Amino acid sequence: WSPPTRVAVFPSLVREKSNMATSQAEAEQMERKLRPIYDAIDNGQNKKAIQMVDKILKKHEGMHCAKALKALALLRMGRNEESSVLIDEVIKSQCGDQATLQAVSMYHRETGENDKVVELYTAAAAKYPTNGEILTQLFMAYVRIGDHQKQQQTAVNLHKNFPENGPYYCWRVMSILMQAHESTDRKGVYLPLAERLLQKYIEENRVETEAEVRLYLIVLELVGKTEKRLEVMKSETGKIIRNPLERASIELSCLVELERWDDASERLREFLLEYPDQWSYIREYAHVQVKRSVAALKNGRGANSGGANSGGANGASDDQVCTTGDDIDKPSGDGISSANGGGQSKPMVQDGDRVAQPLQEAVEYFDQLKDKLFVTPTTSHIPRGPFLGRLELLKEAAKCGLDRSPGVDLGSAAPLLMDYFMVFSNCNCCYEDIHTFLSAFPKADVQQFLDLAEQFVKPSEVEFYCPDDRVKTNLSNLRKHISLLQLQRHGGRHDSLTVDQKEVLIAHCIKYFREGIRISATSPSIAAQYTDFYGLLAAHLMIELYGELGDYSQLYKAIMLLEEARGFISMPIKMFLMKLYCYIGAMDACTELYEALAIKHIQVESLGFLPMRYIQAVGSFGFAGQFYRTALRFYYSCSKETTEHVIQAYKNGIFHKITEMIDFAERISCSLNFAYIIVDTHMMEFTTTIHSVENAKEYFSKEWFSGLPYSTSKLEAYCAKLTDGRNLIVFDDWSPPHRKMKSEEAKASFELECHWLRIRINILQCLKQALSLLEVPPATSQASAQEHTSNSVSTLESRVKELSQISRHTRGLRGYELLKQREKNPLLPIQSPPPSLAYTLLENNLDELVVQALCALGQIVRGSPSVKDALQHAIKVAKSVQGAMRGVPETLRAAFERVSQGDMDIHMEHPYKIMTCTHIDLEKYVLFMQIVGCAAMICGICAEYLALSGDGKKKKKKKRQSKEMSALENELVGFLKELQQVVVEASQQFKPLPEFSKLSKNLSKLYMKSDAGLDKQDCSSGVSEISTESDKGELHQLVIIEFEDIVTVCDKHFNLRYHTYMYTCTALYF
């Protein structure tokens, strides 16, 4: 199904043959001249394209298409002003040939000016109202700007001029559906209109393509006419859809919606004969059979009660009927009752055969499938469907209590699980297939199954120390052992292990992991190896010991173990390693892994949240800028690319995907990660580039900065629309359900991150509003200036109040309490999101530092005598935070000094002495410096305001108030001195490493083992000298210059210290 227009497609530039030429010969001549130019632009040879255009224009000055192509080439070369002048000249000529219109349209699409594309084709359509190609491009232009009503009108004009072309009619209907999609009253006007249009179209026997039938089915589904959909599928119209599987799936969905369980069961049995391993059919068949039993139970109750209402007086649903009433027992807390346990259950109905019949039919049918399709072990494929079908049937029946009804024999959970395990335990799918059933079955049955599985799998047979030609033979036992360990961990067997037992298990996993590395040396580097599981399991156990014992060396052992597979590391290990490196602040290694993963497109949204959260928080500002630019490129281009996909969907009749793609683009534009990166970029720019109040004024006045939602109402609406695109389950985790991250925790984390975003935007709001106190409108009277100042300070005080309220509300969130519980080990659960920086800010009361500084500013403006109290409270907060932060521990400092002095025997004394140092919370330092920067900026505004106020006073009043101003200035200068001292003391903690060049040389000598994944050159190049602080400016110019120097020093120290730290620990570990 293709659009009616004829399009000549080039690799990246679409152009259409002009049918406006006076003759076919002229059109062919034009195409011959322009084709080399198109090819040059497509190949990126813009300079060559311009040269060819200039040659053509010397002979044909009026060839507007060539001018448009030259403008496009100039634009791609970055010569925007020249291209703009040239394209305006082409537009003023009002040339109507299709080639020129296409070139001009491409120019505006690249500049993002889609409105001008609409204007261009609107003018062309007015000039040529019956030209189908121009009207088609006008329709697509409206698609780009999302004007669905104009789309509909254009599609009507197209169908009026070309009634024989069905696609135009479908475009009209789809435009109506898009209006319904965006309307609150979807069934009010738009959907009935769309249904009537398509019904008329079908009655006239004009339906010819599958796209038209699918569009009609979409409309019927939206209006809720399931019976009609089923009739269409059984009619000749439905047979236009050629794929029998697609027709059958639509019919099945209709039967399920209509609750025609018997017909659905019959259709599913037919499907399963042909597709015995199709999990969706297996699962649906088990559900349908349970629904049939529920319906029989419901009808039996209605017959027994003699009423017409078989659902009961309250109209209970089928699921409610199964679990309520006095004639059945309530299911036990563990789920399904054990086959051997418990007493006699009350019969659910007197006629239990009707309830048991559908379930027994399913059991017999699955057994027949198993007997019919189960092949000998010599064949390559064994169907898993019948085995999983029995388990799914048992689970669904247990939810309704039907597993205990008379005449029902669904079997016990443990034997069914064991039947599956004996056949498929040597397959990678074993754990993924049955781990969901373990949480639904009774604990006794699960433990019984695990006991049987341990007897079936003999760990002694898993042995790598054998000739290479026997390795493949042993892989079957290896996979069985992996499946057993995964299920044991999910079943809770590892929870009861002692520390010693965990260390023994870790040792076994390390042995298998290293031997797997040896035999997998010839495998592709990106392929996941079987033994990756052993390395990840050992690392997970080490992380648990790190949390239980507080032994920081366990964390580094886990990192070093996974680093052994550096040569052919797989994605699961890379992701987990990246998480560990982010946690310890080693952003060099983190960014290296991020690049190795080749994360791009939608993965920036789903996987990029991890480095995005840490990259600036640990002071790695250099990497942060590069990372943010790459991520923003995806977010800004997503909307444009999605629009092009929507256009292709219209052209190819894929109407059911259009709303999905538009919703996807909306989710990306409202992404929390997107907003996070934008605000992080602002905070980083503010932290690292602003040197004075004048710089701040210039920065906050930028147009791109003003685009953020700075008003309170806009901010609330903005945060309410944010979406969570983080893929938290990307990390492999085989923990039992009670130790895994729950969906409520993910939602709580998302809510906390939204509040953290609001806090930072509010801080930027306050800074911008504080700067407005210095902006007195020119040529205004004293009364007007005072009124402006009064309004500005009132707005500032209201925003400070909002900041305090948001901070208080954040402390009461569920996500905040969860972080308190996870404070000892934020790495668990494995799939948990990284802890929010809001916790670090609020637990250390850093928000109070900004609030008190802003309060002091407001009191200075209003002339309040309590300025001194606010400043003293602010400095008290700063000192308390600075005192709570610890720099590099003395053990680490001493170790570095000995290495720098050439003492190479340090590793002989205490191998893990360095690794057992307390975790250094880099996030607290960086956040402290950013907040101090905000406080310093506010003090600068105070000083500037006092200077302006002093200059503006009359001489008589100035003498009277000189003492007042002097006192305020003294208080402010005293605060600045104390604040400067606090920051300097904090910065001194990051200067423990002497003789950096000598240290680098000696560290490179510690390189011991090639398989550790280290390189001597990397070790030497990773250490660089730290530049000294620049001269400080005068005190009235604030501590901002000093602050910037400290940020620079700390940034270098963060990278240097952890780079050195990691390599030293690596050498000592080996």
# chains A, B, ... in the order shown; residues from 1 in each chain; ligands from 1
>>> residues_around(residues="Val85 in chain A", least_positions_apart="5", cutoff="12 Å", atoms="only C-alpha atoms", output="ChimeraX atom specification")
/A:67-68,70-72,74-75,79-80,90-92
>>> select_by_dssp(residues="range 464-590 of chain A", states="alpha helix (DSSP H)", output="PyMOL selection string")
chain A and resi 471-490+499-519+532-549+552-563+571-584+587-590
>>> atom_distance(atom1="CA of Pro167 in chain A", atom2="CA of Leu198 in chain A")
12.3 Å
>>> residues_around(residues="Gly146 in chain A", least_positions_apart="5", cutoff="10 Å", atoms="only C-alpha atoms", output="number ranges by chain")
A: 140-141, 151, 175, 178-179, 643, 662
>>> write_last_selection(atoms="N, CA and C atoms", output="CSV table (one decimal), in the first residue's frame")
chain,number,residue,atom,x,y,z
A,140,MET,N,1.3,16.5,4.3
A,140,MET,CA,2.4,16.0,5.1
A,140,MET,C,3.0,17.2,6.0
A,141,ALA,N,2.9,18.4,5.4
A,141,ALA,CA,3.4,19.6,6.2
A,141,ALA,C,2.5,19.8,7.4
A,151,GLN,N,-5.2,18.8,8.4
A,151,GLN,CA,-5.0,17.5,7.7
A,151,GLN,C,-6.3,17.0,7.1
A,175,SER,N,-7.1,11.3,10.1
A,175,SER,CA,-7.0,12.7,10.7
A,175,SER,C,-8.1,12.9,11.7
A,178,MET,N,-7.1,11.1,14.9
A,178,MET,CA,-6.1,11.9,15.6
A,178,MET,C,-6.7,13.0,16.4
A,179,GLN,N,-7.8,13.6,15.9
A,179,GLN,CA,-8.5,14.6,16.7
A,179,GLN,C,-9.2,14.0,17.8
A,643,THR,N,8.5,12.4,13.6
A,643,THR,CA,7.5,13.0,12.7
A,643,THR,C,7.7,12.4,11.3
A,662,ILE,N,3.4,9.0,18.0
A,662,ILE,CA,3.1,10.3,18.6
A,662,ILE,C,3.2,10.3,20.1
>>> residues_around(residues="range 212-223 of chain A", least_positions_apart="4", cutoff="8 Å", atoms="only C-alpha atoms", output="PyMOL selection string")
chain A and resi 170+174+177+187+191-192+194-195+198+207-208+228-229+237-238+240-241+653+655-656
>>> closest_residue(among="A:Leu487, A:Ala943, A:Ser790, A:Arg479", to="Val446 in chain A", atoms="only C-alpha atoms")
A:Leu487
>>> decode(residues="range 573-597 of chain A", atoms="N, CA and C atoms", output="short mmCIF file (atom, residue, chain, number, x, y, z; two decimals), in the first residue's frame")
data_model
loop_
_atom_site.label_atom_id
_atom_site.label_comp_id
_atom_site.auth_asym_id
_atom_site.auth_seq_id
_atom_site.Cartn_x
_atom_site.Cartn_y
_atom_site.Cartn_z
N ILE A 573 27.78 -7.73 32.35
CA ILE A 573 28.91 -7.38 33.21
C ILE A 573 29.28 -5.91 33.05
N LYS A 574 29.24 -5.42 31.82
CA LYS A 574 29.55 -4.01 31.59
C LYS A 574 28.58 -3.11 32.35
N MET A 575 27.30 -3.45 32.31
CA MET A 575 26.31 -2.61 32.99
C MET A 575 26.53 -2.61 34.49
N PHE A 576 26.79 -3.79 35.05
CA PHE A 576 26.99 -3.86 36.50
C PHE A 576 28.29 -3.18 36.92
N LEU A 577 29.33 -3.35 36.11
CA LEU A 577 30.59 -2.66 36.38
C LEU A 577 30.40 -1.14 36.34
N MET A 578 29.63 -0.68 35.37
CA MET A 578 29.39 0.76 35.26
C MET A 578 28.67 1.28 36.50
N LYS A 579 27.76 0.49 37.03
CA LYS A 579 27.06 0.89 38.25
C LYS A 579 28.03 0.98 39.43
N LEU A 580 28.92 0.02 39.56
CA LEU A 580 29.88 0.03 40.66
C LEU A 580 30.87 1.19 40.51
N TYR A 581 31.33 1.44 39.29
CA TYR A 581 32.25 2.55 39.09
C TYR A 581 31.57 3.89 39.38
N CYS A 582 30.32 4.01 39.02
CA CYS A 582 29.58 5.25 39.34
C CYS A 582 29.50 5.44 40.84
N TYR A 583 29.28 4.36 41.56
CA TYR A 583 29.12 4.46 43.00
C TYR A 583 30.40 4.93 43.69
N ILE A 584 31.55 4.45 43.22
CA ILE A 584 32.80 4.86 43.87
C ILE A 584 33.36 6.15 43.28
N GLY A 585 32.74 6.67 42.21
CA GLY A 585 33.17 7.94 41.65
C GLY A 585 34.26 7.83 40.61
N ALA A 586 34.52 6.65 40.07
CA ALA A 586 35.56 6.47 39.05
C ALA A 586 34.96 6.70 37.67
N MET A 587 34.81 7.98 37.29
CA MET A 587 34.10 8.30 36.07
C MET A 587 34.95 8.02 34.83
N ASP A 588 36.27 7.95 34.96
CA ASP A 588 37.09 7.55 33.80
C ASP A 588 36.68 6.16 33.32
N ALA A 589 36.64 5.22 34.25
CA ALA A 589 36.27 3.85 33.90
C ALA A 589 34.80 3.77 33.48
N CYS A 590 33.95 4.57 34.12
CA CYS A 590 32.52 4.54 33.80
C CYS A 590 32.27 5.00 32.37
N THR A 591 32.87 6.12 31.98
CA THR A 591 32.67 6.63 30.63
C THR A 591 33.28 5.69 29.59
N GLU A 592 34.36 5.03 29.95
CA GLU A 592 34.96 4.05 29.04
C GLU A 592 33.99 2.90 28.78
N LEU A 593 33.34 2.42 29.83
CA LEU A 593 32.35 1.35 29.65
C LEU A 593 31.12 1.85 28.90
N TYR A 594 30.72 3.07 29.17
CA TYR A 594 29.56 3.66 28.48
C TYR A 594 29.81 3.71 26.97
N GLU A 595 31.01 4.10 26.58
CA GLU A 595 31.35 4.12 25.16
C GLU A 595 31.45 2.71 24.60
N ALA A 596 31.96 1.78 25.40
CA ALA A 596 32.08 0.39 24.93
C ALA A 596 30.70 -0.23 24.70
N LEU A 597 29.72 0.18 25.48
CA LEU A 597 28.37 -0.34 25.30
C LEU A 597 27.69 0.21 24.06
#
